[in-house]
Structure formats: C-alpha cells, structure tokens
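*Asks:* Have a look at the structure that comes next, please.
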Amino acid sequence: MAIRTFQITSYKIRLGYRMSATFGVTTLKALGIISCPGPDDQRVIVYFLHKESQVPNPAVTNNGKWGNIFLPKELLPVWMEMLRNEKPLYGDINTEIPKLTNISTSHEPVGEEEF
C-alpha cells in the first residue's frame with residue numbers, strides 16, 4: 001500500500017449553492033470544497049455534496065499528489081472545526097485505495113485543550 005503523508009500547511013474553503021464541477025465522467029454539485037495543501041503540491045481535496053449530486057468514487061490525481069474525496073454536506077462543519085482547532089494536521093493520500101484518503105492529528109493527550 002502506497003500512502004503519502006504530509007503536514008497540512010494551510011486550507012482554503014469555498015462555499016456556494018450547488019457549485020458544479022466535473023470529476024472524471026461525473027458531474028457533481030457541491031455546497032463546499034476544502035483544499036488542504038502541503039509541501040510539494042500535495043493536497044487532500046474534499047467535496048461536500050448536495051443531496052441531489054452524483055457521487056464519484058474517491059480518486060488520486062496529479063501523479064498521486066492529490067487525494068480527492070466526496071462526502072455528504074452534513075460533514076462540512078466537522079471538517080471546518082478540525083481545521084480551525086487542531087494542529088498539527090496531516091494529510092494521508094492512499095494511492096492504492098483512494099477511499100482511505102483522510103486528514104488526521106498526531107497523538108494528543110486526553111483532555112487537551114487548544115488555545
């Protein structure tokens with residue numbers, strides 16, 4: 001299994017109503033898109049889909065540097081909270097099983113508070 005792990009250095013959130021995009025042969029409708037870049041143009045890109053949208057399979061693009069996943073719009077606040085409140089954050093791009101692409105924290109003590 002080939003996994004690219006990198007520290008996320010920033011994030012960009014785009015919000016809109018039924019933003020249309022084509023991914024492969026699937027046209028999707030997203031309410032939000034979060035891009036989580038790291039060094040060497042690596043990034044996890046998350047599309048938060050409208051309930052009427054087609055759902056593409058997760059995929060790795062840009063020579064294995066970009067992990068693209070597609071989630072229900074209801075998960076957008078969870079991701080925004082994690083990006084705003086946790087650090088450091090890491091992107092994991094699984095080039096063999098793209099649906100396992102994710103972001104994560106490092107090991108943290110129980111009850112840790114962020115200030």
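Quick note on naming: the chains in the structure tokens go A, B, ... in the order shown, residues restart at 1 in each chain, and ligands are numbered from 1 in order of appearance.
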What lies within 6 Å of stretch 79-90 of chain A using only C-alpha atoms, ignoring chain neighbours under 3 positions off, as JSON, numbers by chain?
*Replies:* {"A": [6, 7, 8, 76, 103, 104, 105]}
*Asks:* Deliver the residues from the most recent selection as a file, using N, CA and C atoms, as a compact mmCIF listing (two decimals), in the first residue's frame.
*Replies:*
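Below is the file result.txt, written as the result:
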# COMPACT_ATOMS: atom_id res chain seq x y z
N PHE A 6 1.76 13.93 4.70
CA PHE A 6 2.39 15.24 4.69
C PHE A 6 1.70 16.14 5.72
N GLN A 7 2.42 17.13 6.20
CA GLN A 7 1.81 18.08 7.12
C GLN A 7 1.03 19.12 6.32
N ILE A 8 -0.19 19.34 6.72
CA ILE A 8 -1.04 20.34 6.08
C ILE A 8 -0.57 21.72 6.53
N LEU A 76 -19.41 18.92 6.55
CA LEU A 76 -18.62 20.13 6.37
C LEU A 76 -18.27 20.82 7.69
N ILE A 103 -7.57 13.23 6.62
CA ILE A 103 -6.69 14.10 7.40
C ILE A 103 -6.73 13.60 8.84
N SER A 104 -5.65 13.88 9.58
CA SER A 104 -5.57 13.37 10.95
C SER A 104 -4.71 14.29 11.80
N THR A 105 -4.84 14.10 13.11
CA THR A 105 -3.96 14.77 14.06
C THR A 105 -2.83 13.81 14.40
*Asks:* Find the residues near stretch 45-62 of chain A: any atom within 10 Å, counting only C-alpha atoms, skip ones fewer than 5 places away on the same chain, and give them as a PyMOL selection string.
*Replies:* chain A and resi 11-15+17-37+67-76+79+91+93-102
*Asks:* Between atom CA of A:Gly38 and atom CA of A:Ser10, what is the spacing in Å?
*Replies:*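 About the pair atom CA of A:Ser10 and atom CA of A:Gly38: they are 7.3 Å apart.
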*Asks:* Report the residues of stretch 1-58 of chain A whose backbone DSSP state falls under strand (DSSP E or B), written as a CSV table (one decimal) with C-alpha atoms, in the first residue's frame.
*Replies:*
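Contents of the output file out04.csv:
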chain,number,residue,atom,x,y,z
A,3,ILE,CA,0.5,6.2,1.4
A,4,ARG,CA,1.7,9.8,1.1
A,5,THR,CA,1.7,11.5,4.5
A,6,PHE,CA,2.4,15.2,4.7
A,7,GLN,CA,1.8,18.1,7.1
A,12,LYS,CA,-9.0,27.0,1.6
A,13,ILE,CA,-12.7,26.8,1.9
A,14,ARG,CA,-15.1,27.5,-0.9
A,15,LEU,CA,-18.8,27.7,-0.1
A,16,GLY,CA,-21.7,28.1,-2.6
A,17,TYR,CA,-25.0,26.6,-3.6
A,18,ARG,CA,-24.7,23.7,-6.0
A,19,MET,CA,-21.3,24.6,-7.4
A,20,SER,CA,-21.0,22.4,-10.4
A,21,ALA,CA,-17.8,20.5,-11.2
A,22,THR,CA,-16.9,17.6,-13.4
A,23,PHE,CA,-14.8,14.8,-12.0
A,26,THR,CA,-19.3,12.5,-13.2
A,27,THR,CA,-20.8,16.0,-12.9
A,28,LEU,CA,-21.3,16.8,-9.2
A,29,LYS,CA,-23.0,19.6,-7.2
A,30,ALA,CA,-21.1,20.7,-4.2
A,31,LEU,CA,-22.0,23.1,-1.4
A,32,GLY,CA,-18.5,23.3,-0.1
A,33,ILE,CA,-14.9,22.4,-1.2
A,34,ILE,CA,-12.0,22.3,1.2
A,35,SER,CA,-8.4,22.1,-0.1
A,36,CYS,CA,-5.7,21.1,2.4
A,37,PRO,CA,-2.3,21.7,0.7
A,43,ARG,CA,-3.2,18.1,-1.1
A,44,VAL,CA,-6.3,16.5,0.2
A,45,ILE,CA,-9.4,18.0,-1.6
A,46,VAL,CA,-12.8,17.3,-0.1
A,47,TYR,CA,-16.1,18.0,-1.9
A,48,PHE,CA,-19.2,18.3,0.3
A,49,LEU,CA,-22.0,17.3,-1.9
*Asks:* Among chain A, which residues does DSSP mark as helix (DSSP H, G or I) when it is run on the backbone? Keep the chain and numbering as in the structure and answer as a list in words.
*Replies:* Pro39, Asp40, Asp41, Lys73, Glu74, Leu75, Leu76, Pro77, Val78, Trp79, Met80, Glu81, Met82, Leu83, Arg84, Asn85, Pro98, Lys99 and Leu100 of chain A
*Asks:* Could you save those same residues with N, CA and C atoms as a PDB file, in the first residue's frame?
*Replies:*
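Listing of result_35.pdb after writing:
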ATOM      1  N   PRO A  39       3.470  20.459   1.450  1.00  0.00           N
ATOM      2  CA  PRO A  39       4.646  20.666   0.600  1.00  0.00           C
ATOM      3  C   PRO A  39       4.572  19.870  -0.705  1.00  0.00           C
ATOM      4  N   ASP A  40       5.332  20.324  -1.680  1.00  0.00           N
ATOM      5  CA  ASP A  40       5.470  19.623  -2.961  1.00  0.00           C
ATOM      6  C   ASP A  40       4.132  19.433  -3.681  1.00  0.00           C
ATOM      7  N   ASP A  41       3.219  20.407  -3.523  1.00  0.00           N
ATOM      8  CA  ASP A  41       1.912  20.406  -4.191  1.00  0.00           C
ATOM      9  C   ASP A  41       1.036  19.214  -3.806  1.00  0.00           C
ATOM     10  N   LYS A  73     -22.784  16.816   2.639  1.00  0.00           N
ATOM     11  CA  LYS A  73     -22.655  18.202   3.106  1.00  0.00           C
ATOM     12  C   LYS A  73     -22.732  18.312   4.619  1.00  0.00           C
ATOM     13  N   GLU A  74     -23.387  17.376   5.272  1.00  0.00           N
ATOM     14  CA  GLU A  74     -23.533  17.432   6.722  1.00  0.00           C
ATOM     15  C   GLU A  74     -22.193  17.327   7.461  1.00  0.00           C
ATOM     16  N   LEU A  75     -21.164  16.812   6.808  1.00  0.00           N
ATOM     17  CA  LEU A  75     -19.847  16.680   7.446  1.00  0.00           C
ATOM     18  C   LEU A  75     -18.976  17.925   7.325  1.00  0.00           C
ATOM     19  N   LEU A  76     -19.413  18.916   6.554  1.00  0.00           N
ATOM     20  CA  LEU A  76     -18.621  20.133   6.371  1.00  0.00           C
ATOM     21  C   LEU A  76     -18.275  20.820   7.692  1.00  0.00           C
ATOM     22  N   PRO A  77     -19.212  21.024   8.627  1.00  0.00           N
ATOM     23  CA  PRO A  77     -18.840  21.693   9.886  1.00  0.00           C
ATOM     24  C   PRO A  77     -17.801  20.924  10.709  1.00  0.00           C
ATOM     25  N   VAL A  78     -17.834  19.606  10.643  1.00  0.00           N
ATOM     26  CA  VAL A  78     -16.855  18.798  11.378  1.00  0.00           C
ATOM     27  C   VAL A  78     -15.456  19.060  10.839  1.00  0.00           C
ATOM     28  N   TRP A  79     -15.316  19.073   9.528  1.00  0.00           N
ATOM     29  CA  TRP A  79     -14.013  19.326   8.917  1.00  0.00           C
ATOM     30  C   TRP A  79     -13.543  20.746   9.203  1.00  0.00           C
ATOM     31  N   MET A  80     -14.456  21.718   9.118  1.00  0.00           N
ATOM     32  CA  MET A  80     -14.069  23.107   9.381  1.00  0.00           C
ATOM     33  C   MET A  80     -13.580  23.261  10.822  1.00  0.00           C
ATOM     34  N   GLU A  81     -14.256  22.643  11.751  1.00  0.00           N
ATOM     35  CA  GLU A  81     -13.845  22.729  13.150  1.00  0.00           C
ATOM     36  C   GLU A  81     -12.465  22.105  13.367  1.00  0.00           C
ATOM     37  N   MET A  82     -12.239  20.954  12.755  1.00  0.00           N
ATOM     38  CA  MET A  82     -10.941  20.307  12.907  1.00  0.00           C
ATOM     39  C   MET A  82      -9.826  21.168  12.325  1.00  0.00           C
ATOM     40  N   LEU A  83     -10.044  21.733  11.152  1.00  0.00           N
ATOM     41  CA  LEU A  83      -9.026  22.574  10.523  1.00  0.00           C
ATOM     42  C   LEU A  83      -8.739  23.829  11.341  1.00  0.00           C
ATOM     43  N   ARG A  84      -9.739  24.382  11.973  1.00  0.00           N
ATOM     44  CA  ARG A  84      -9.567  25.613  12.750  1.00  0.00           C
ATOM     45  C   ARG A  84      -8.950  25.372  14.122  1.00  0.00           C
ATOM     46  N   ASN A  85      -9.188  24.195  14.707  1.00  0.00           N
ATOM     47  CA  ASN A  85      -8.838  23.998  16.108  1.00  0.00           C
ATOM     48  C   ASN A  85      -7.707  23.011  16.388  1.00  0.00           C
ATOM     49  N   PRO A  98      -7.963   4.836  -2.748  1.00  0.00           N
ATOM     50  CA  PRO A  98      -8.253   6.255  -2.557  1.00  0.00           C
ATOM     51  C   PRO A  98      -9.327   6.559  -1.517  1.00  0.00           C
ATOM     52  N   LYS A  99     -10.256   5.631  -1.280  1.00  0.00           N
ATOM     53  CA  LYS A  99     -11.310   5.918  -0.294  1.00  0.00           C
ATOM     54  C   LYS A  99     -10.758   6.013   1.127  1.00  0.00           C
ATOM     55  N   LEU A 100      -9.503   5.618   1.345  1.00  0.00           N
ATOM     56  CA  LEU A 100      -8.881   5.730   2.660  1.00  0.00           C
ATOM     57  C   LEU A 100      -8.138   7.056   2.847  1.00  0.00           C
TER      58      LEU A 100
END
